[in-house]
$ cat my_file_4.cif   # mmCIF, N, CA and C atoms
data_model
loop_
_atom_site.label_atom_id
_atom_site.label_comp_id
_atom_site.auth_asym_id
_atom_site.auth_seq_id
_atom_site.Cartn_x
_atom_site.Cartn_y
_atom_site.Cartn_z
N MET A 1 79.87 61.71 106.33
CA MET A 1 80.31 60.36 106.21
C MET A 1 79.39 59.56 105.30
N THR A 2 78.10 59.88 105.31
CA THR A 2 77.18 59.15 104.44
C THR A 2 77.45 59.49 102.98
N ALA A 3 77.86 60.70 102.71
CA ALA A 3 78.18 61.05 101.32
C ALA A 3 79.37 60.24 100.83
N GLU A 4 80.36 60.05 101.73
CA GLU A 4 81.53 59.26 101.35
C GLU A 4 81.16 57.79 101.20
N GLY A 5 80.31 57.29 102.06
CA GLY A 5 79.88 55.89 101.99
C GLY A 5 79.08 55.62 100.73
N SER A 6 78.20 56.54 100.35
CA SER A 6 77.41 56.33 99.14
C SER A 6 78.29 56.44 97.90
N GLN A 7 79.36 57.25 97.98
CA GLN A 7 80.26 57.37 96.85
C GLN A 7 81.01 56.06 96.63
N ARG A 8 81.37 55.35 97.68
CA ARG A 8 82.12 54.10 97.56
C ARG A 8 81.22 52.93 97.15
N THR A 9 79.95 52.96 97.49
CA THR A 9 79.07 51.84 97.17
C THR A 9 78.64 51.85 95.72
N GLY A 10 78.95 52.89 94.99
CA GLY A 10 78.55 52.99 93.59
C GLY A 10 79.30 52.03 92.68
N GLY A 11 80.37 51.39 93.13
CA GLY A 11 81.11 50.42 92.31
C GLY A 11 82.22 51.09 91.52
N ALA A 12 82.56 50.47 90.40
CA ALA A 12 83.70 50.92 89.60
C ALA A 12 83.44 52.28 88.95
N ALA A 13 82.18 52.61 88.74
CA ALA A 13 81.87 53.90 88.11
C ALA A 13 82.24 55.06 89.01
N GLN A 14 82.34 54.82 90.33
CA GLN A 14 82.63 55.89 91.28
C GLN A 14 84.09 55.88 91.75
N GLU A 15 84.93 55.04 91.18
CA GLU A 15 86.32 55.00 91.61
C GLU A 15 87.02 56.29 91.21
N PRO A 16 87.98 56.71 92.02
CA PRO A 16 88.73 57.92 91.68
C PRO A 16 89.50 57.73 90.36
N VAL A 17 89.64 58.80 89.63
CA VAL A 17 90.30 58.75 88.33
C VAL A 17 91.75 58.28 88.48
N GLY A 18 92.40 58.69 89.54
CA GLY A 18 93.79 58.29 89.77
C GLY A 18 93.93 56.78 89.88
N ASP A 19 92.98 56.14 90.57
CA ASP A 19 93.02 54.68 90.71
C ASP A 19 92.79 54.01 89.36
N LEU A 20 91.86 54.55 88.59
CA LEU A 20 91.59 53.99 87.27
C LEU A 20 92.81 54.12 86.35
N VAL A 21 93.46 55.26 86.38
CA VAL A 21 94.64 55.47 85.56
C VAL A 21 95.76 54.53 85.99
N GLN A 22 95.93 54.39 87.30
CA GLN A 22 96.98 53.50 87.81
C GLN A 22 96.71 52.05 87.38
N ARG A 23 95.48 51.59 87.50
CA ARG A 23 95.13 50.23 87.12
C ARG A 23 95.32 50.03 85.61
N ALA A 24 94.89 51.03 84.82
CA ALA A 24 95.07 50.94 83.36
C ALA A 24 96.54 50.88 83.00
N SER A 25 97.36 51.66 83.69
CA SER A 25 98.80 51.65 83.43
C SER A 25 99.40 50.29 83.77
N GLN A 26 99.00 49.70 84.88
CA GLN A 26 99.51 48.38 85.26
C GLN A 26 99.08 47.32 84.25
N GLN A 27 97.83 47.38 83.84
CA GLN A 27 97.33 46.40 82.88
C GLN A 27 98.03 46.55 81.53
N LEU A 28 98.28 47.78 81.13
CA LEU A 28 98.95 48.02 79.86
C LEU A 28 100.39 47.51 79.89
N SER A 29 101.09 47.77 81.00
CA SER A 29 102.47 47.29 81.08
C SER A 29 102.51 45.76 81.15
N GLN A 30 101.54 45.14 81.81
CA GLN A 30 101.48 43.68 81.84
C GLN A 30 101.19 43.15 80.43
N LEU A 31 100.31 43.79 79.71
CA LEU A 31 99.99 43.40 78.34
C LEU A 31 101.23 43.50 77.44
N VAL A 32 101.97 44.57 77.58
CA VAL A 32 103.18 44.75 76.77
C VAL A 32 104.20 43.66 77.09
N ARG A 33 104.38 43.35 78.37
CA ARG A 33 105.32 42.28 78.76
C ARG A 33 104.89 40.94 78.17
N GLU A 34 103.61 40.64 78.22
CA GLU A 34 103.12 39.38 77.68
C GLU A 34 103.29 39.32 76.16
N GLU A 35 103.07 40.43 75.49
CA GLU A 35 103.26 40.48 74.04
C GLU A 35 104.74 40.28 73.69
N MET A 36 105.63 40.84 74.49
CA MET A 36 107.06 40.65 74.26
C MET A 36 107.46 39.19 74.45
N ARG A 37 106.89 38.54 75.46
CA ARG A 37 107.18 37.11 75.67
C ARG A 37 106.68 36.28 74.49
N LEU A 38 105.50 36.63 73.99
CA LEU A 38 104.95 35.93 72.83
C LEU A 38 105.84 36.13 71.60
N ALA A 39 106.29 37.35 71.38
CA ALA A 39 107.17 37.63 70.24
C ALA A 39 108.48 36.85 70.38
N GLN A 40 109.02 36.80 71.59
CA GLN A 40 110.27 36.07 71.80
C GLN A 40 110.09 34.58 71.51
N ALA A 41 109.00 34.00 71.99
CA ALA A 41 108.74 32.58 71.75
C ALA A 41 108.57 32.30 70.26
N GLU A 42 107.86 33.18 69.57
CA GLU A 42 107.62 32.99 68.14
C GLU A 42 108.92 33.10 67.35
N MET A 43 109.76 34.07 67.69
CA MET A 43 111.02 34.24 66.99
C MET A 43 111.98 33.08 67.28
N THR A 44 111.93 32.54 68.49
CA THR A 44 112.76 31.38 68.83
C THR A 44 112.36 30.19 67.96
N GLN A 45 111.07 29.97 67.82
CA GLN A 45 110.59 28.86 66.99
C GLN A 45 111.02 29.05 65.53
N LYS A 46 110.88 30.26 65.01
CA LYS A 46 111.27 30.51 63.62
C LYS A 46 112.78 30.38 63.45
N GLY A 47 113.55 30.81 64.44
CA GLY A 47 115.00 30.67 64.37
C GLY A 47 115.42 29.21 64.29
N LYS A 48 114.75 28.37 65.05
CA LYS A 48 115.05 26.94 65.02
C LYS A 48 114.77 26.36 63.63
N ARG A 49 113.68 26.78 63.03
CA ARG A 49 113.35 26.29 61.68
C ARG A 49 114.37 26.76 60.65
N PHE A 50 114.79 28.02 60.77
CA PHE A 50 115.82 28.52 59.86
C PHE A 50 117.11 27.73 60.05
N GLY A 51 117.43 27.40 61.30
CA GLY A 51 118.63 26.61 61.56
C GLY A 51 118.56 25.22 60.94
N LYS A 52 117.41 24.57 61.11
CA LYS A 52 117.23 23.24 60.51
C LYS A 52 117.32 23.31 58.99
N GLY A 53 116.62 24.27 58.41
CA GLY A 53 116.62 24.41 56.95
C GLY A 53 118.02 24.71 56.43
N GLY A 54 118.74 25.59 57.11
CA GLY A 54 120.10 25.92 56.69
C GLY A 54 121.02 24.72 56.80
N GLY A 55 120.87 23.95 57.87
CA GLY A 55 121.68 22.74 58.03
C GLY A 55 121.40 21.72 56.94
N LEU A 56 120.12 21.57 56.61
CA LEU A 56 119.77 20.63 55.54
C LEU A 56 120.28 21.11 54.18
N PHE A 57 120.22 22.43 53.93
CA PHE A 57 120.79 22.95 52.68
C PHE A 57 122.30 22.74 52.65
N GLY A 58 122.96 22.92 53.79
CA GLY A 58 124.39 22.66 53.85
C GLY A 58 124.70 21.19 53.56
N GLY A 59 123.89 20.31 54.15
CA GLY A 59 124.04 18.88 53.89
C GLY A 59 123.79 18.55 52.43
N ALA A 60 122.81 19.21 51.84
CA ALA A 60 122.52 18.99 50.41
C ALA A 60 123.69 19.46 49.55
N GLY A 61 124.34 20.55 49.94
CA GLY A 61 125.52 21.02 49.21
C GLY A 61 126.66 20.01 49.28
N LEU A 62 126.88 19.48 50.48
CA LEU A 62 127.92 18.45 50.64
C LEU A 62 127.60 17.22 49.80
N MET A 63 126.34 16.80 49.84
CA MET A 63 125.94 15.64 49.05
C MET A 63 126.08 15.93 47.55
N GLY A 64 125.83 17.16 47.15
CA GLY A 64 126.01 17.54 45.75
C GLY A 64 127.47 17.40 45.32
N VAL A 65 128.39 17.82 46.19
CA VAL A 65 129.82 17.67 45.89
C VAL A 65 130.18 16.19 45.78
N LEU A 66 129.67 15.40 46.71
CA LEU A 66 129.93 13.96 46.65
C LEU A 66 129.34 13.34 45.38
N THR A 67 128.17 13.84 44.98
CA THR A 67 127.55 13.34 43.76
C THR A 67 128.42 13.65 42.54
N LEU A 68 128.95 14.86 42.49
CA LEU A 68 129.85 15.22 41.38
C LEU A 68 131.12 14.36 41.39
N GLN A 69 131.65 14.11 42.59
CA GLN A 69 132.84 13.24 42.68
C GLN A 69 132.52 11.84 42.18
N ALA A 70 131.36 11.34 42.57
CA ALA A 70 130.97 10.00 42.11
C ALA A 70 130.75 9.99 40.60
N LEU A 71 130.21 11.08 40.07
CA LEU A 71 130.00 11.16 38.63
C LEU A 71 131.34 11.16 37.88
N VAL A 72 132.30 11.86 38.40
CA VAL A 72 133.63 11.85 37.80
C VAL A 72 134.22 10.44 37.88
N ALA A 73 134.09 9.81 39.03
CA ALA A 73 134.58 8.43 39.16
C ALA A 73 133.86 7.50 38.19
N THR A 74 132.58 7.76 37.97
CA THR A 74 131.82 6.95 37.02
C THR A 74 132.36 7.13 35.60
N GLY A 75 132.63 8.34 35.24
CA GLY A 75 133.17 8.60 33.91
C GLY A 75 134.53 7.93 33.72
N ILE A 76 135.39 8.03 34.72
CA ILE A 76 136.70 7.39 34.65
C ILE A 76 136.55 5.88 34.54
N ALA A 77 135.69 5.33 35.39
CA ALA A 77 135.48 3.88 35.36
C ALA A 77 134.89 3.45 34.03
N ALA A 78 134.02 4.25 33.46
CA ALA A 78 133.40 3.88 32.17
C ALA A 78 134.42 3.87 31.05
N LEU A 79 135.37 4.79 31.13
CA LEU A 79 136.38 4.84 30.06
C LEU A 79 137.47 3.77 30.22
N SER A 80 137.75 3.38 31.42
CA SER A 80 138.89 2.50 31.62
C SER A 80 138.55 1.03 31.85
N LEU A 81 137.35 0.77 32.20
CA LEU A 81 136.99 -0.62 32.53
C LEU A 81 135.76 -1.08 31.77
N VAL A 82 135.41 -2.25 32.04
CA VAL A 82 134.24 -2.86 31.40
C VAL A 82 132.97 -2.39 32.11
N LEU A 83 131.87 -2.69 31.50
CA LEU A 83 130.55 -2.22 31.95
C LEU A 83 130.27 -2.44 33.43
N ASP A 84 130.68 -3.53 34.01
CA ASP A 84 130.32 -3.83 35.40
C ASP A 84 130.77 -2.75 36.38
N VAL A 85 131.96 -2.23 36.25
CA VAL A 85 132.48 -1.23 37.19
C VAL A 85 131.75 0.10 37.05
N TRP A 86 131.60 0.61 35.84
CA TRP A 86 130.95 1.91 35.69
C TRP A 86 129.46 1.82 36.00
N ALA A 87 128.85 0.67 35.75
CA ALA A 87 127.43 0.53 36.10
C ALA A 87 127.25 0.62 37.61
N ALA A 88 128.18 0.01 38.34
CA ALA A 88 128.12 0.11 39.80
C ALA A 88 128.33 1.55 40.27
N ALA A 89 129.30 2.21 39.65
CA ALA A 89 129.55 3.61 40.01
C ALA A 89 128.35 4.50 39.66
N LEU A 90 127.69 4.20 38.56
CA LEU A 90 126.51 4.98 38.17
C LEU A 90 125.37 4.78 39.16
N ILE A 91 125.21 3.57 39.66
CA ILE A 91 124.17 3.31 40.67
C ILE A 91 124.46 4.11 41.94
N VAL A 92 125.71 4.16 42.38
CA VAL A 92 126.09 4.95 43.57
C VAL A 92 125.82 6.43 43.32
N THR A 93 126.15 6.89 42.13
CA THR A 93 125.90 8.30 41.78
C THR A 93 124.41 8.61 41.83
N ALA A 94 123.60 7.72 41.30
CA ALA A 94 122.15 7.93 41.32
C ALA A 94 121.62 7.96 42.75
N ALA A 95 122.12 7.08 43.60
CA ALA A 95 121.68 7.06 45.00
C ALA A 95 122.06 8.37 45.70
N LEU A 96 123.28 8.85 45.47
CA LEU A 96 123.70 10.13 46.06
C LEU A 96 122.85 11.29 45.55
N ALA A 97 122.50 11.25 44.28
CA ALA A 97 121.65 12.31 43.71
C ALA A 97 120.27 12.31 44.35
N VAL A 98 119.72 11.13 44.61
CA VAL A 98 118.40 11.04 45.25
C VAL A 98 118.48 11.61 46.68
N VAL A 99 119.52 11.26 47.41
CA VAL A 99 119.69 11.78 48.78
C VAL A 99 119.83 13.30 48.75
N THR A 100 120.60 13.81 47.80
CA THR A 100 120.78 15.26 47.65
C THR A 100 119.45 15.95 47.39
N ALA A 101 118.68 15.41 46.48
CA ALA A 101 117.38 16.01 46.14
C ALA A 101 116.43 16.00 47.34
N LEU A 102 116.41 14.91 48.08
CA LEU A 102 115.54 14.83 49.26
C LEU A 102 115.95 15.83 50.33
N MET A 103 117.25 15.95 50.57
CA MET A 103 117.72 16.91 51.58
C MET A 103 117.39 18.34 51.17
N ALA A 104 117.58 18.65 49.90
CA ALA A 104 117.26 20.00 49.42
C ALA A 104 115.77 20.29 49.55
N LEU A 105 114.93 19.31 49.25
CA LEU A 105 113.49 19.49 49.35
C LEU A 105 113.05 19.72 50.79
N VAL A 106 113.55 18.91 51.70
CA VAL A 106 113.19 19.07 53.12
C VAL A 106 113.72 20.40 53.65
N GLY A 107 114.93 20.78 53.25
CA GLY A 107 115.49 22.07 53.67
C GLY A 107 114.65 23.23 53.18
N LYS A 108 114.20 23.17 51.94
CA LYS A 108 113.34 24.22 51.38
C LYS A 108 112.03 24.32 52.14
N GLN A 109 111.47 23.18 52.50
CA GLN A 109 110.22 23.19 53.27
C GLN A 109 110.42 23.84 54.63
N GLN A 110 111.53 23.55 55.29
CA GLN A 110 111.80 24.14 56.60
C GLN A 110 111.96 25.66 56.49
N ILE A 111 112.66 26.11 55.47
CA ILE A 111 112.85 27.55 55.28
C ILE A 111 111.51 28.23 54.99
N SER A 112 110.68 27.61 54.16
CA SER A 112 109.39 28.24 53.83
C SER A 112 108.46 28.26 55.03
N LYS A 113 108.56 27.28 55.93
CA LYS A 113 107.73 27.29 57.14
C LYS A 113 108.14 28.41 58.09
N ALA A 114 109.40 28.79 58.07
CA ALA A 114 109.89 29.83 58.98
C ALA A 114 109.70 31.23 58.42
N SER A 115 109.37 31.37 57.15
CA SER A 115 109.24 32.68 56.52
C SER A 115 107.84 33.24 56.73
N PRO A 116 107.67 34.51 56.79
CA PRO A 116 108.67 35.56 56.88
C PRO A 116 109.23 35.62 58.30
N PRO A 117 110.45 36.14 58.46
CA PRO A 117 111.08 36.15 59.78
C PRO A 117 110.57 37.30 60.64
N ALA A 118 109.28 37.31 60.90
CA ALA A 118 108.67 38.35 61.74
C ALA A 118 107.64 37.66 62.65
N PRO A 119 107.46 38.17 63.85
CA PRO A 119 106.49 37.57 64.77
C PRO A 119 105.06 37.92 64.38
N GLU A 120 104.52 37.24 63.38
CA GLU A 120 103.20 37.59 62.83
C GLU A 120 102.09 37.47 63.86
N GLN A 121 102.08 36.39 64.62
CA GLN A 121 101.02 36.19 65.61
C GLN A 121 101.04 37.32 66.63
N THR A 122 102.23 37.71 67.07
CA THR A 122 102.35 38.78 68.05
C THR A 122 101.89 40.10 67.46
N MET A 123 102.27 40.37 66.20
CA MET A 123 101.84 41.63 65.58
C MET A 123 100.32 41.68 65.46
N ASP A 124 99.70 40.56 65.09
CA ASP A 124 98.24 40.52 65.00
C ASP A 124 97.62 40.74 66.37
N SER A 125 98.20 40.13 67.39
CA SER A 125 97.69 40.27 68.75
C SER A 125 97.82 41.72 69.23
N VAL A 126 98.94 42.36 68.95
CA VAL A 126 99.14 43.75 69.35
C VAL A 126 98.15 44.65 68.63
N LYS A 127 97.93 44.41 67.35
CA LYS A 127 96.95 45.20 66.60
C LYS A 127 95.56 45.07 67.20
N ALA A 128 95.20 43.85 67.59
CA ALA A 128 93.89 43.63 68.21
C ALA A 128 93.82 44.34 69.56
N ASP A 129 94.92 44.31 70.31
CA ASP A 129 94.95 45.00 71.61
C ASP A 129 94.80 46.50 71.44
N VAL A 130 95.49 47.06 70.45
CA VAL A 130 95.41 48.50 70.21
C VAL A 130 93.99 48.88 69.80
N ALA A 131 93.37 48.07 68.94
CA ALA A 131 92.00 48.36 68.53
C ALA A 131 91.06 48.29 69.73
N GLU A 132 91.26 47.32 70.60
CA GLU A 132 90.42 47.18 71.80
C GLU A 132 90.60 48.39 72.72
N ILE A 133 91.85 48.82 72.91
CA ILE A 133 92.10 49.97 73.78
C ILE A 133 91.48 51.22 73.20
N LYS A 134 91.61 51.41 71.88
CA LYS A 134 91.02 52.59 71.25
C LYS A 134 89.49 52.58 71.41
N GLU A 135 88.91 51.41 71.24
CA GLU A 135 87.45 51.29 71.37
C GLU A 135 87.01 51.62 72.80
N LYS A 136 87.74 51.10 73.77
CA LYS A 136 87.39 51.36 75.18
C LYS A 136 87.61 52.82 75.53
N ALA A 137 88.66 53.44 74.96
CA ALA A 137 88.96 54.82 75.26
C ALA A 137 87.88 55.76 74.70
N GLN A 138 87.24 55.38 73.61
CA GLN A 138 86.21 56.22 73.01
C GLN A 138 84.91 56.18 73.82
N ARG A 139 84.73 55.12 74.59
CA ARG A 139 83.50 55.03 75.40
C ARG A 139 83.54 55.92 76.54
#
$ encode --input "my_file_4.cif" --output "structure tokens"
Amino acid sequence: MTAEGSQRTGGAAQEPVGDLVQRASQQLSQLVREEMRLAQAEMTQKGKRFGKGGGLFGGAGLMGVLTLQALVATGIAALSLVLDVWAAALIVTAALAVVTALMALVGKQQISKASPPAPEQTMDSVKADVAEIKEKAQR
């Protein structure tokens, strides 16, 4: 009984191999689950940015069509009426063009913030975990 008691008082260095393997397996599966949650959260965030950027690009396309329509109306007004009407139409066209440019710029920024569409933080974290496990396994 004293041999068994002294074996248990030695601490973690004296734990049975089966217990160590079981604990390592549990910790590894918990680590994998946490990494998957991190990847899911990161991809959700990037998906939202792609959605915003795509919506803004769609809005910019619509505004571009409206700008072309206003430009056509400006040309018609310039040919058929006096300066006052086409000047007003030209001002509206310029305002639509500015809105279009701003929407396209903001949409481009949103798309570039979401790129590349990969969970980079999670991949870096997994690489660090693998390196840590390899280092511990060599000891």
$ atom_distance --input "my_file_4.cif" --atom1 "atom N of Pro16 of chain A" --atom2 "atom C of Val32 of chain A"
25.6 Å
$ residues_around --input "my_file_4.cif" --residues "Gln110 of chain A" --least-positions-apart "3" --cutoff "9 Å" --atoms "only C-alpha atoms" --output "PyMOL selection string"
chain A and resi 49-54+56+105-107+113-115
$ atom_distance --input "my_file_4.cif" --atom1 "atom C of Trp86 of chain A" --atom2 "atom C of Ala104 of chain A"
26.7 Å
$ atom_distance --input "my_file_4.cif" --atom1 "atom N of Lys48 of chain A" --atom2 "atom C of Met63 of chain A"
24.3 Å
$ resolve_selection --input "my_file_4.cif" --expression "the PyMOL selection byres (((chain A and resi 122 and name CA) around 12) and name CA)" --output "PDB file with N, CA and C atoms, in the frame of the given file"
ATOM      1  N   LEU A  31     100.310  43.790  79.710  1.00  0.00           N
ATOM      2  CA  LEU A  31      99.990  43.400  78.340  1.00  0.00           C
ATOM      3  C   LEU A  31     101.230  43.500  77.440  1.00  0.00           C
ATOM      4  N   VAL A  32     101.970  44.570  77.580  1.00  0.00           N
ATOM      5  CA  VAL A  32     103.180  44.750  76.770  1.00  0.00           C
ATOM      6  C   VAL A  32     104.200  43.660  77.090  1.00  0.00           C
ATOM      7  N   ARG A  33     104.380  43.350  78.370  1.00  0.00           N
ATOM      8  CA  ARG A  33     105.320  42.280  78.760  1.00  0.00           C
ATOM      9  C   ARG A  33     104.890  40.940  78.170  1.00  0.00           C
ATOM     10  N   GLU A  34     103.610  40.640  78.220  1.00  0.00           N
ATOM     11  CA  GLU A  34     103.120  39.380  77.680  1.00  0.00           C
ATOM     12  C   GLU A  34     103.290  39.320  76.160  1.00  0.00           C
ATOM     13  N   GLU A  35     103.070  40.430  75.490  1.00  0.00           N
ATOM     14  CA  GLU A  35     103.260  40.480  74.040  1.00  0.00           C
ATOM     15  C   GLU A  35     104.740  40.280  73.690  1.00  0.00           C
ATOM     16  N   MET A  36     105.630  40.840  74.490  1.00  0.00           N
ATOM     17  CA  MET A  36     107.060  40.650  74.260  1.00  0.00           C
ATOM     18  C   MET A  36     107.460  39.190  74.450  1.00  0.00           C
ATOM     19  N   ARG A  37     106.890  38.540  75.460  1.00  0.00           N
ATOM     20  CA  ARG A  37     107.180  37.110  75.670  1.00  0.00           C
ATOM     21  C   ARG A  37     106.680  36.280  74.490  1.00  0.00           C
ATOM     22  N   LEU A  38     105.500  36.630  73.990  1.00  0.00           N
ATOM     23  CA  LEU A  38     104.950  35.930  72.830  1.00  0.00           C
ATOM     24  C   LEU A  38     105.840  36.130  71.600  1.00  0.00           C
ATOM     25  N   ALA A  39     106.290  37.350  71.380  1.00  0.00           N
ATOM     26  CA  ALA A  39     107.170  37.630  70.240  1.00  0.00           C
ATOM     27  C   ALA A  39     108.480  36.850  70.380  1.00  0.00           C
ATOM     28  N   GLN A  40     109.020  36.800  71.590  1.00  0.00           N
ATOM     29  CA  GLN A  40     110.270  36.070  71.800  1.00  0.00           C
ATOM     30  C   GLN A  40     110.090  34.580  71.510  1.00  0.00           C
ATOM     31  N   ALA A  41     109.000  34.000  71.990  1.00  0.00           N
ATOM     32  CA  ALA A  41     108.740  32.580  71.750  1.00  0.00           C
ATOM     33  C   ALA A  41     108.570  32.300  70.260  1.00  0.00           C
ATOM     34  N   GLU A  42     107.860  33.180  69.570  1.00  0.00           N
ATOM     35  CA  GLU A  42     107.620  32.990  68.140  1.00  0.00           C
ATOM     36  C   GLU A  42     108.920  33.100  67.350  1.00  0.00           C
ATOM     37  N   MET A  43     109.760  34.070  67.690  1.00  0.00           N
ATOM     38  CA  MET A  43     111.020  34.240  66.990  1.00  0.00           C
ATOM     39  C   MET A  43     111.980  33.080  67.280  1.00  0.00           C
ATOM     40  N   ALA A 118     109.280  37.310  60.900  1.00  0.00           N
ATOM     41  CA  ALA A 118     108.670  38.350  61.740  1.00  0.00           C
ATOM     42  C   ALA A 118     107.640  37.660  62.650  1.00  0.00           C
ATOM     43  N   PRO A 119     107.460  38.170  63.850  1.00  0.00           N
ATOM     44  CA  PRO A 119     106.490  37.570  64.770  1.00  0.00           C
ATOM     45  C   PRO A 119     105.060  37.920  64.380  1.00  0.00           C
ATOM     46  N   GLU A 120     104.520  37.240  63.380  1.00  0.00           N
ATOM     47  CA  GLU A 120     103.200  37.590  62.830  1.00  0.00           C
ATOM     48  C   GLU A 120     102.090  37.470  63.860  1.00  0.00           C
ATOM     49  N   GLN A 121     102.080  36.390  64.620  1.00  0.00           N
ATOM     50  CA  GLN A 121     101.020  36.190  65.610  1.00  0.00           C
ATOM     51  C   GLN A 121     101.040  37.320  66.630  1.00  0.00           C
ATOM     52  N   MET A 123     102.270  40.370  66.200  1.00  0.00           N
ATOM     53  CA  MET A 123     101.840  41.630  65.580  1.00  0.00           C
ATOM     54  C   MET A 123     100.320  41.680  65.460  1.00  0.00           C
ATOM     55  N   ASP A 124      99.700  40.560  65.090  1.00  0.00           N
ATOM     56  CA  ASP A 124      98.240  40.520  65.000  1.00  0.00           C
ATOM     57  C   ASP A 124      97.620  40.740  66.370  1.00  0.00           C
ATOM     58  N   SER A 125      98.200  40.130  67.390  1.00  0.00           N
ATOM     59  CA  SER A 125      97.690  40.270  68.750  1.00  0.00           C
ATOM     60  C   SER A 125      97.820  41.720  69.230  1.00  0.00           C
ATOM     61  N   VAL A 126      98.940  42.360  68.950  1.00  0.00           N
ATOM     62  CA  VAL A 126      99.140  43.750  69.350  1.00  0.00           C
ATOM     63  C   VAL A 126      98.150  44.650  68.630  1.00  0.00           C
ATOM     64  N   LYS A 127      97.930  44.410  67.350  1.00  0.00           N
ATOM     65  CA  LYS A 127      96.950  45.200  66.600  1.00  0.00           C
ATOM     66  C   LYS A 127      95.560  45.070  67.200  1.00  0.00           C
ATOM     67  N   ALA A 128      95.200  43.850  67.590  1.00  0.00           N
ATOM     68  CA  ALA A 128      93.890  43.630  68.210  1.00  0.00           C
ATOM     69  C   ALA A 128      93.820  44.340  69.560  1.00  0.00           C
ATOM     70  N   ASP A 129      94.920  44.310  70.310  1.00  0.00           N
ATOM     71  CA  ASP A 129      94.950  45.000  71.610  1.00  0.00           C
ATOM     72  C   ASP A 129      94.800  46.500  71.440  1.00  0.00           C
TER      73      ASP A 129
END
$ residues_near_point --input "my_file_4.cif" --point "(89.0, 51.6, 78.2)" --cutoff "12 Å" --atoms "only C-alpha atoms" --output "list in words"
Leu20, Val21, Arg23, Ala24, Ser25, Gln27, Leu28, Asp129, Val130, Ala131, Glu132, Ile133, Lys134, Glu135, Lys136, Ala137, Gln138 and Arg139 of chain A
$ residues_around --input "my_file_4.cif" --residues "segment 91-99 of chain A" --least-positions-apart "4" --cutoff "8 Å" --atoms "all atoms listed in the file" --output "list in words"
Gly59, Ala60, Met63, Gly64, Leu66, Thr67, Leu68, Gln69, Ala70, Leu71, Thr74, Val85, Trp86, Ala87, Met103, Ala104 and Leu105 of chain A
